[in-house]
Amino acid sequence: MNQNLQVPSQASEKFSSLPLSQGKRARLWRLLYGSGPKNGSLLVLPLDQGLEHGPTDFFPHPPAVDPDYQFELAAAGGFSAIALGIGLAEKYMSGYAGRVPLILKLNGKTNIPGDAEATSPLFASVEDAVRLGADAVGYTMYVGSPRQHDEFRQFEQVRRDCERYGMPLVLWSYPRGSAVNAKGGTNTLYAQDYAARVALELGADIVKLHEPNDSVANVPAPYDTLMEDSAARCARVVRSAGRTMVLFSGGEKNDDNAAVLRKVEHYMQSGANGVMFGRNMWLRPFDQAVNLVRQVHDIMAKHPR
Amino acid sequence: MNQNLQVPSQASEKFSSLPLSQGKRARLWRLLYGSGPKNGSLLVLPLDQGLEHGPTDFFPHPPAVDPDYQFELAAAGGFSAIALGIGLAEKYMSGYAGRVPLILKLNGKTNIPGDAEATSPLFASVEDAVRLGADAVGYTMYVGSPRQHDEFRQFEQVRRDCERYGMPLVLWSYPRGSAVNAKGGTNTLYAQDYAARVALELGADIVKLHEPNDSVANVPAPYDTLMEDSAARCARVVRSAGRTMVLFSGGEKNDDNAAVLRKVEHYMQSGANGVMFGRNMWLRPFDQAVNLVRQVHDIMAKHPR
Amino acid sequence: MNQNLQVPSQASEKFSSLPLSQGKRARLWRLLYGSGPKNGSLLVLPLDQGLEHGPTDFFPHPPAVDPDYQFELAAAGGFSAIALGIGLAEKYMSGYAGRVPLILKLNGKTNIPGDAEATSPLFASVEDAVRLGADAVGYTMYVGSPRQHDEFRQFEQVRRDCERYGMPLVLWSYPRGSAVNAKGGTNTLYAQDYAARVALELGADIVKLHEPNDSVANVPAPYDTLMEDSAARCARVVRSAGRTMVLFSGGEKNDDNAAVLRKVEHYMQSGANGVMFGRNMWLRPFDQAVNLVRQVHDIMAKHPR
Amino acid sequence: MNQNLQVPSQASEKFSSLPLSQGKRARLWRLLYGSGPKNGSLLVLPLDQGLEHGPTDFFPHPPAVDPDYQFELAAAGGFSAIALGIGLAEKYMSGYAGRVPLILKLNGKTNIPGDAEATSPLFASVEDAVRLGADAVGYTMYVGSPRQHDEFRQFEQVRRDCERYGMPLVLWSYPRGSAVNAKGGTNTLYAQDYAARVALELGADIVKLHEPNDSVANVPAPYDTLMEDSAARCARVVRSAGRTMVLFSGGEKNDDNAAVLRKVEHYMQSGANGVMFGRNMWLRPFDQAVNLVRQVHDIMAKHPR
Amino acid sequence: MNQNLQVPSQASEKFSSLPLSQGKRARLWRLLYGSGPKNGSLLVLPLDQGLEHGPTDFFPHPPAVDPDYQFELAAAGGFSAIALGIGLAEKYMSGYAGRVPLILKLNGKTNIPGDAEATSPLFASVEDAVRLGADAVGYTMYVGSPRQHDEFRQFEQVRRDCERYGMPLVLWSYPRGSAVNAKGGTNTLYAQDYAARVALELGADIVKLHEPNDSVANVPAPYDTLMEDSAARCARVVRSAGRTMVLFSGGEKNDDNAAVLRKVEHYMQSGANGVMFGRNMWLRPFDQAVNLVRQVHDIMAKHPR
């Protein structure tokens with residue numbers, strides 16, 4: 001598909017001016033200008049829900065339980081990359097290697113225990129990512145968790161290895177845990193804005209965030225009295241992330257295609273670098289998903305980065 | 001015994017297409033086509049109950065307390081492999097080396113403390129397995145335990161060493177702990193289905209599961225309203241495990257031979273790669289066990305993988 | 001700006017007599033005599049509030065959310081150094097490298113969970129500081145926290161690496177946690193005096209402290225009956241810090257410029273080596289901040305060290 | 001004394017058939033056939049009570065507080081080995097080196113805190129044992145403790161080093177902790193039988209156990225209804241330990257010499273490899289102890305292994 | 001001062017017969033015969049109170065807050081060594097190097113949190129001690145603390161490095177924590193006697209203890225009925241420490257010089273190797289302290305070791 005899109009394969013001045021090591025520059029170039037929209041924006045297909053939520057997430061569309069489904073979709077839909085863990089990468093990727101760039105997710109957990117003291121253990125390494133030819137690694141951090149001490153130290157280990165190998169680091173920056181809940185919950189502007197800044201200060205190259213909602217219940221000042229519309233909220237968190245590129249989550253499946261597309265438009269207008277679309281893509285019949293992603297490409301083509 | 005079985009010693013196309021390192025391929029070939037049923041299926045004799053449950057498990061058939069009993073049975077019954085820990089392997093295996101393939105179990109625990117915060121510490125290493133000539137290692141993970149953080153990180157260490165040495169990794173994927181109990185217990189379809197997917201996503205080559213039961217009490221949606229028969233439940237977890245091969249547990253001893261054989265037939269029809277039979281074998285008088293396993297071989301011969 | 005100040009570029013006898021390794025001496029010389037007031041005193045601009053407090057701190061002056069603002073201010077205001085974390089240093093510093101010395105902060109946390117068991121995990125290393133050309137590292141220790149065991153051991157790792165690389169160590173020595181609260185709180189003379197001595201005994205080269213207040217509620221003896229004025233309190237903690245140089249915190253923003261300048265005068269008269277001014281600088285319009293820092297320079301020029 | 005005993009210095013067929021590395025074989029040979037009874041049985045003098053119980057244990061016979069007392073007794077009594085920690089070995093052993101073989105105990109604890117979460121930290125290493133010329137190391141594991149995770153992992157480290165250096169491993173396998181207490185206590189047949197099997201499965205060469213009592217209160221099935229006499233109970237745990245040699249504890253001091261000797265006879269008839277006699281030896285006047293151990297030798301001479 | 005004392009510079013037979021590595025022997029010789037009383041006894045000036053208790057301890061004699069005061073006193077008073085941490089050693093010692101031997105204290109803590117779960121983290125290493133030319137290291141262990149597991153393992157790391165570098169190890173063996181309190185408290189004969197033996201069994205070369213008191217409330221048997229006078233109590237703990245040399249603590253400041261000197265006489269008669277005098281020395285005006293220490297030397301001269 002992406003062959004049909006009229007996008008520049010020339011990096012933007014902004015990208016060129018980022019102070020990156022050669023390895024990071026080469027790998028980020030492939031993600032931003034060598035695949036997907038190829039205009040500096042990013043369209044990522046994540047597949048970690050089987051681990052994070054269980055097979056439950058595949059029930060609405062049973063073919064999606066077979067990881068080949070997502071790989072086929074990533075290839076046919078011209079996604080910038082697929083993001084998944086070591087087991088799926090090792091057992092399913094070889095047929096797609098080179099065609100579909102890989103973001104190897106290094107940590108994760110089941111959702112069987114509660115999230116009050118959320119922490120996400122490593123189960124793969126940056127060296128695994130290098131060995132498998134990945135173009136980035138993904139790391140989930142539970143911002144504000146009572147166990148943030150463990151989270152930060154584990155992150156440091158990953159960041160250091162990324163530095164060593166020139167591997168871009170995508171941070172799933174997720175506010176989580178009892179203290180976050182007590183301050184209004186995980187998707188408030190307060191929580192998402194903080195999560196964006198944490199990603200910047202800790203050294204992520206790209207951060208995945210959720211669209212901030214307008215809830216102010218229990219939220220600390222001055223967010224509790226901040227009345228911003230959705231566009232302003234998105235723009236705010238993008239601004240807080242600074243030179244760390246923002247990907248917004250596509251969230252749960254929405255059958256209203258027009259709404260999905262409006263959301264993409266909305267995200268791109270806020271200054272984000274792209275979108276991570278999982279269930280909203282792979283829970284649709286294949287052709288419908290390919291059709292939808294084609295329209296997403298059309299939007300992203302209008303927002304070079 | 002296995003000399004009498006008419007099974008191909010040629011690997012299936014499915015096995016040949018798996019993306020395996022040379023070491024893993026060689027060792028898995030030995031387990032799948034060089035021993036046991038030799039048709040790609042697996043029949044494993046585990047002996048970790050003395051550690052996991054205590055000598056209690058040997059009371060119904062006292063000769064079984066002597067590990068030689070299980071080694072003799074594994075040899076006479078044409079099992080694909082025996083699965084046990086470092087102490088038993090070092091002290092009893094030398095007379096059977098070469099004849100009986102070894103799956104070295106690396107972790108374990110006693111059942112004296114409760115399982116609310118279950119975790120299974122390592123007491124041997126992949127290097128031990130290499131030194132002892134094992135063809136795979138076994139690792140028990142308590143999926144959903146409040147200590148899953150420790151479990152995942154320890155697993156990562158094992159997985160990395162398996163990668164380094166080309167050692168296949170068999171995951172005993174056991175839902176366990178207070179949160180699992182609160183969501184319906186360890187053997188529900190919900191729990192077993194999740195455990196199967198975890199094994200796939202974390203990178204196990206083979207997973208040992210329990211037959212999912214039909215209990216829906218306290219089970220999360222949509223499993224609480226899912227009405228599937230036993231065959232469908234087994235097929236579902238096999239599907240969730242994807243390219244990770246499934247072994248079902250033979251479970252507690254059942255004196256009804258016909259029932260045991262029906263269960264084997266049932267498991268193999270679901271798409272599983274084999275069965276792990278411990279107490280159902282070594283709690284029987286030797287000749288009766290050999291006779292039973294001969295019939296199991298007859299069933300497995302009809303299900304090449 | 002600092003070109004206009006009449007300051008000696010000759011190290012004081014006191015500095016020359018400090019028993020420092022060559023690397024530490026070279027880097028400290030650059031901070032004390034090669035930049036900022038250049039007379040042995042220190043004027044540091046910290047930017048870790050986005051991580052420690054969240055983007056909240058930038059609300060009063062929105063341009064401050066862009067780290068370029070602080071870098072520009074550090075350069076224009078002739079600060080001795082800017083103090084910030086790895087993400088900001090890697091993504092924003094290259095344009096200022098050489099012009100603005102760097103104190104790389106190695107640890108930090110969000111303030112989402114409470115401080116009862118405060119601990120500050122490492123997310124960068126002394127080697128990162130070397131790689132980025134920093135002239136010192138910053139480390140936050142929560143003195144008296146129930147988790148001081150973790151804090152001390154982590155600090156030891158940093159101190160050892162500082163020794164190895166000749167890197168000066170600036171300790172943010174912050175009394176914090178439930179036991180500190182029970183003994184009167186974090187900014188009492190008791191707590192700050194103890195924090196000063198801890199910095200000296202553990203081997204910090206420079207310590208950042210807060211101005212001790214006059215509260216004696218719940219404070220242990222003999223501090224509970226000690227009636228010292230503000231000057232005496234400041235002088236006391238400087239004395240307790242011994243040969244570890246003291247920087248006082250500029251604290252929250254104060255719109256009364258004269259009061260801010262009186263505070264600087266006050267600190268310098270107490271024997272401190274300098275001031276760390278964050279929000280009191282970068283929450284002002286740029287020109288006003290530059291104007292204020294010019295007056296701070298005038299004061300510091302009168303207090304060579 | 002042992003010069004007077006008529007014992008073979010030829011290893012038994014059973015010993016010869018054990019699959020041992022050369023280093024373990026050499027060191028075990030010295031313990032079993034080169035010292036003590038020299039017939040494959042073991043008579044060990046332990047001295048760790050000062051650490052485990054405090055100086056309290058020496059009160060009944062004050063000369064015993066001087067470790068020279070035990071070294072002299074080990075030499076005069078022809079013990080197979082003395083078992084003690086690094087401090088005693090380094091400060092008292094040099095005069096006895098070569099004459100009295102050493103089992104270096106690697107871990108231990110005080111009994112000041114309760115045993116509900118018992119764990120026994122390492123305070124010496126297998127490398128220390130090699131350096132000091134020890135013929136085995138001793139390791140205490142609290143079987144069934146809530147902290148068995150730490151215990152197993154620490155044991156693994158010791159076992160691996162024993163493998164590397166060819167050092168025999170003697171496991172003090174002690175059921176301990178709140179869960180053990182809830183299941184009947186530490187010296188029941190249930191607990192000792194489990195402890196024996198754990199030693200075998202984890203890879204101990206020799207295990208020290210306590211004589212199982214006949215208490216069935218709170219003991220799990222089927223032990224709660226098992227009515228075995230003392231001989232049968234001892235024989236059972238020896239059987240559960242398999243090829244791991246069993247040493248029974250001599251227990252607290254008993255002034256009835258005949259009873260002590262009957263106990264030794266009893267242990268040896270059960271199939272155990274020997275006895276570990278501490279307080280029952282060194283709390284006696286020297287000559288009486290030597291006289292008693294002479295009679296113990298007479299019994300052990302009748303039980304070659 | 002010590003030039004005036006008539007002491008042998010020849011090591012005693014007892015010292016010569018200790019089985020020490022060459023490095024330990026050389027360094028201990030310097031402490032025992034090359035400085036201080038030079039007759040095998042030890043007189044140590046500790047300065048860790050600023051960290052352990054806070055600057056509070058300096059209030060009775062303000063000049064003592066400046067570490068130069070203690071260094072001057074150690075030199076003028078002919079102390080065997082000064083004992084303090086890395087920060088003080090690095091920043092104040094260079095002018096006294098060679099004149100005043102150094103015992104580098106490796107761990108410590110503040111007393112802000114309570115002692116119920118006391119543990120003392122490392123903040124320097126044996127390698128630091130080597131680098132700084134120390135003649136011994138000091139390590140504090142909280143005997144009987146609920147966290148003794150951490151304490152022992154950390155100690156093992158220090159002991160191993162002491163072995164590697166030939167560095168004598170002085171153990172501050174302090175009963176501490178909730179369980180100690182429940183058994184009568186930290187300074188009972190029970191607690192101090194146990195602490196003495198722990199030091200011996202774990203391998204300390206020298207142990208610092210407190211004079212045991214005569215309290216028997218809540219103390220375990222047989223100590224609860226033991227009626228020994230002060231001399232007997234001191235002699236007992238010295239005996240329990242065996243070949244580990246004992247230093248008694250000088251304790252809190254006592255203005256009655258005669259009482260202080262009687263205490264020294266008392267300690268030396270009990271068989272101890274010396275005394276550690278902190279506050280009782282450096283809280284006095286300099287000349288008075290020097291005068292007092294001169295009289296202490298006179299006593300110690302009568303007790304060669």
# chains A, B, ... in the order shown; residues from 1 in each chain; ligands from 1
$ select_by_dssp --residues "range 53-255 of chain E" --states "alpha helix (DSSP H)" --output "ChimeraX atom specification"
/E:67-76,86-92,126-131,148-165,178-182,189-202,230-241
$ interface_residues --of "chain E" --to "chain D" --cutoff "6 Å" --atoms "only C-alpha atoms" --output "list in words"
Gly144, Pro146, His149, Phe152, Arg153, Glu156, Ala179, Tyr194, Val198, Leu200, Glu201, Leu202 and Gly203 of chain E
$ residues_around --residues "range 207-213 of chain A" --least-positions-apart "2" --cutoff "9 Å" --atoms "only C-alpha atoms" --output "ChimeraX atom specification"
/A:169-174,186-193,195-196,199-200,204-205,215-216,230,233-234,237,241,244-251,267,275-276
$ atom_distance --atom1 "CA of Gln288 in chain E" --atom2 "CA of Thr225 in chain C"
28.4 Å
$ residues_around --residues "Ser16 in chain C" --least-positions-apart "4" --cutoff "10 Å" --atoms "only C-alpha atoms" --output "ChimeraX atom specification"
/C:10-12,20,25,29
$ residues_around --residues "Gln22 in chain A" --least-positions-apart "3" --cutoff "12 Å" --atoms "only C-alpha atoms" --output "number ranges by chain"
A: 16, 18-19, 25-29, 163-168
$ atom_distance --atom1 "CA of Tyr69 in chain A" --atom2 "CA of Lys105 in chain A"
18.5 Å
$ atom_distance --atom1 "CA of Arg147 in chain C" --atom2 "CA of Glu151 in chain A"
16.2 Å
$ residues_around --residues "Asn280 in chain B" --least-positions-apart "4" --cutoff "9 Å" --atoms "only C-alpha atoms" --output "number ranges by chain"
B: 250-255, 260, 284, 289
$ select_by_dssp --residues "range 102-303 of chain D" --states "strand (DSSP E or B)" --output "CSV table (one decimal) with C-alpha atoms, in the first residue's frame"
chain,number,residue,atom,x,y,z
D,102,LEU,CA,36.9,-30.1,58.0
D,103,ILE,CA,33.3,-29.6,56.9
D,104,LEU,CA,33.0,-25.8,56.5
D,105,LYS,CA,29.5,-24.6,57.3
D,107,ASN,CA,25.6,-20.3,56.4
D,122,LEU,CA,25.6,-17.3,53.7
D,136,ALA,CA,33.0,-30.8,52.4
D,137,VAL,CA,30.8,-27.8,52.9
D,138,GLY,CA,27.7,-27.6,55.1
D,139,TYR,CA,24.6,-25.7,54.2
D,140,THR,CA,21.5,-25.3,56.3
D,141,MET,CA,18.2,-25.1,54.4
D,142,TYR,CA,14.9,-24.3,56.2
D,143,VAL,CA,12.6,-26.5,54.3
D,169,LEU,CA,27.8,-30.8,49.9
D,170,VAL,CA,26.2,-31.7,53.3
D,171,LEU,CA,22.7,-30.3,53.7
D,172,TRP,CA,21.3,-29.6,57.1
D,173,SER,CA,17.7,-30.1,55.9
D,174,TYR,CA,15.6,-28.6,58.6
D,175,PRO,CA,11.8,-28.1,58.3
D,188,THR,CA,7.4,-35.1,62.7
D,206,ILE,CA,24.8,-36.0,52.4
D,207,VAL,CA,21.8,-34.9,54.5
D,208,LYS,CA,21.6,-34.3,58.2
D,209,LEU,CA,18.2,-35.1,59.6
D,213,ASN,CA,9.0,-38.5,66.3
D,245,MET,CA,23.6,-40.4,52.5
D,246,VAL,CA,21.8,-39.7,55.8
D,247,LEU,CA,23.4,-38.5,59.1
D,248,PHE,CA,21.1,-38.4,62.1
D,249,SER,CA,21.5,-35.7,64.7
D,274,GLY,CA,26.3,-42.0,60.4
D,275,VAL,CA,25.7,-39.6,63.2
D,276,MET,CA,26.4,-36.0,64.0
$ closest_residue --among "C:Gly133, C:Gly271, C:Pro220, C:Pro285" --to "Ala182 in chain C" --atoms "only C-alpha atoms"
C:Pro220
$ residues_around --residues "range 97-100 of chain B" --least-positions-apart "6" --cutoff "7 Å" --atoms "only C-alpha atoms" --output "list in words"
Ala74, Ala75, Ala81 and Ile82 of chain B
$ write_last_selection --atoms "N, CA, C and O atoms" --output "short mmCIF file (atom, residue, chain, number, x, y, z; two decimals), in the first residue's frame"
data_model
loop_
_atom_site.label_atom_id
_atom_site.label_comp_id
_atom_site.auth_asym_id
_atom_site.auth_seq_id
_atom_site.Cartn_x
_atom_site.Cartn_y
_atom_site.Cartn_z
N ALA B 74 10.58 -45.46 32.32
CA ALA B 74 10.77 -44.59 31.15
C ALA B 74 11.44 -45.36 30.02
O ALA B 74 11.09 -45.22 28.84
N ALA B 75 12.41 -46.22 30.39
CA ALA B 75 13.12 -47.00 29.37
C ALA B 75 12.21 -48.08 28.79
O ALA B 75 12.06 -48.21 27.57
N ALA B 81 10.85 -38.85 27.04
CA ALA B 81 11.83 -38.27 27.95
C ALA B 81 11.34 -38.44 29.37
O ALA B 81 10.15 -38.66 29.61
N ILE B 82 12.27 -38.31 30.29
CA ILE B 82 11.93 -38.23 31.70
C ILE B 82 12.23 -36.79 32.13
O ILE B 82 13.18 -36.17 31.64
#
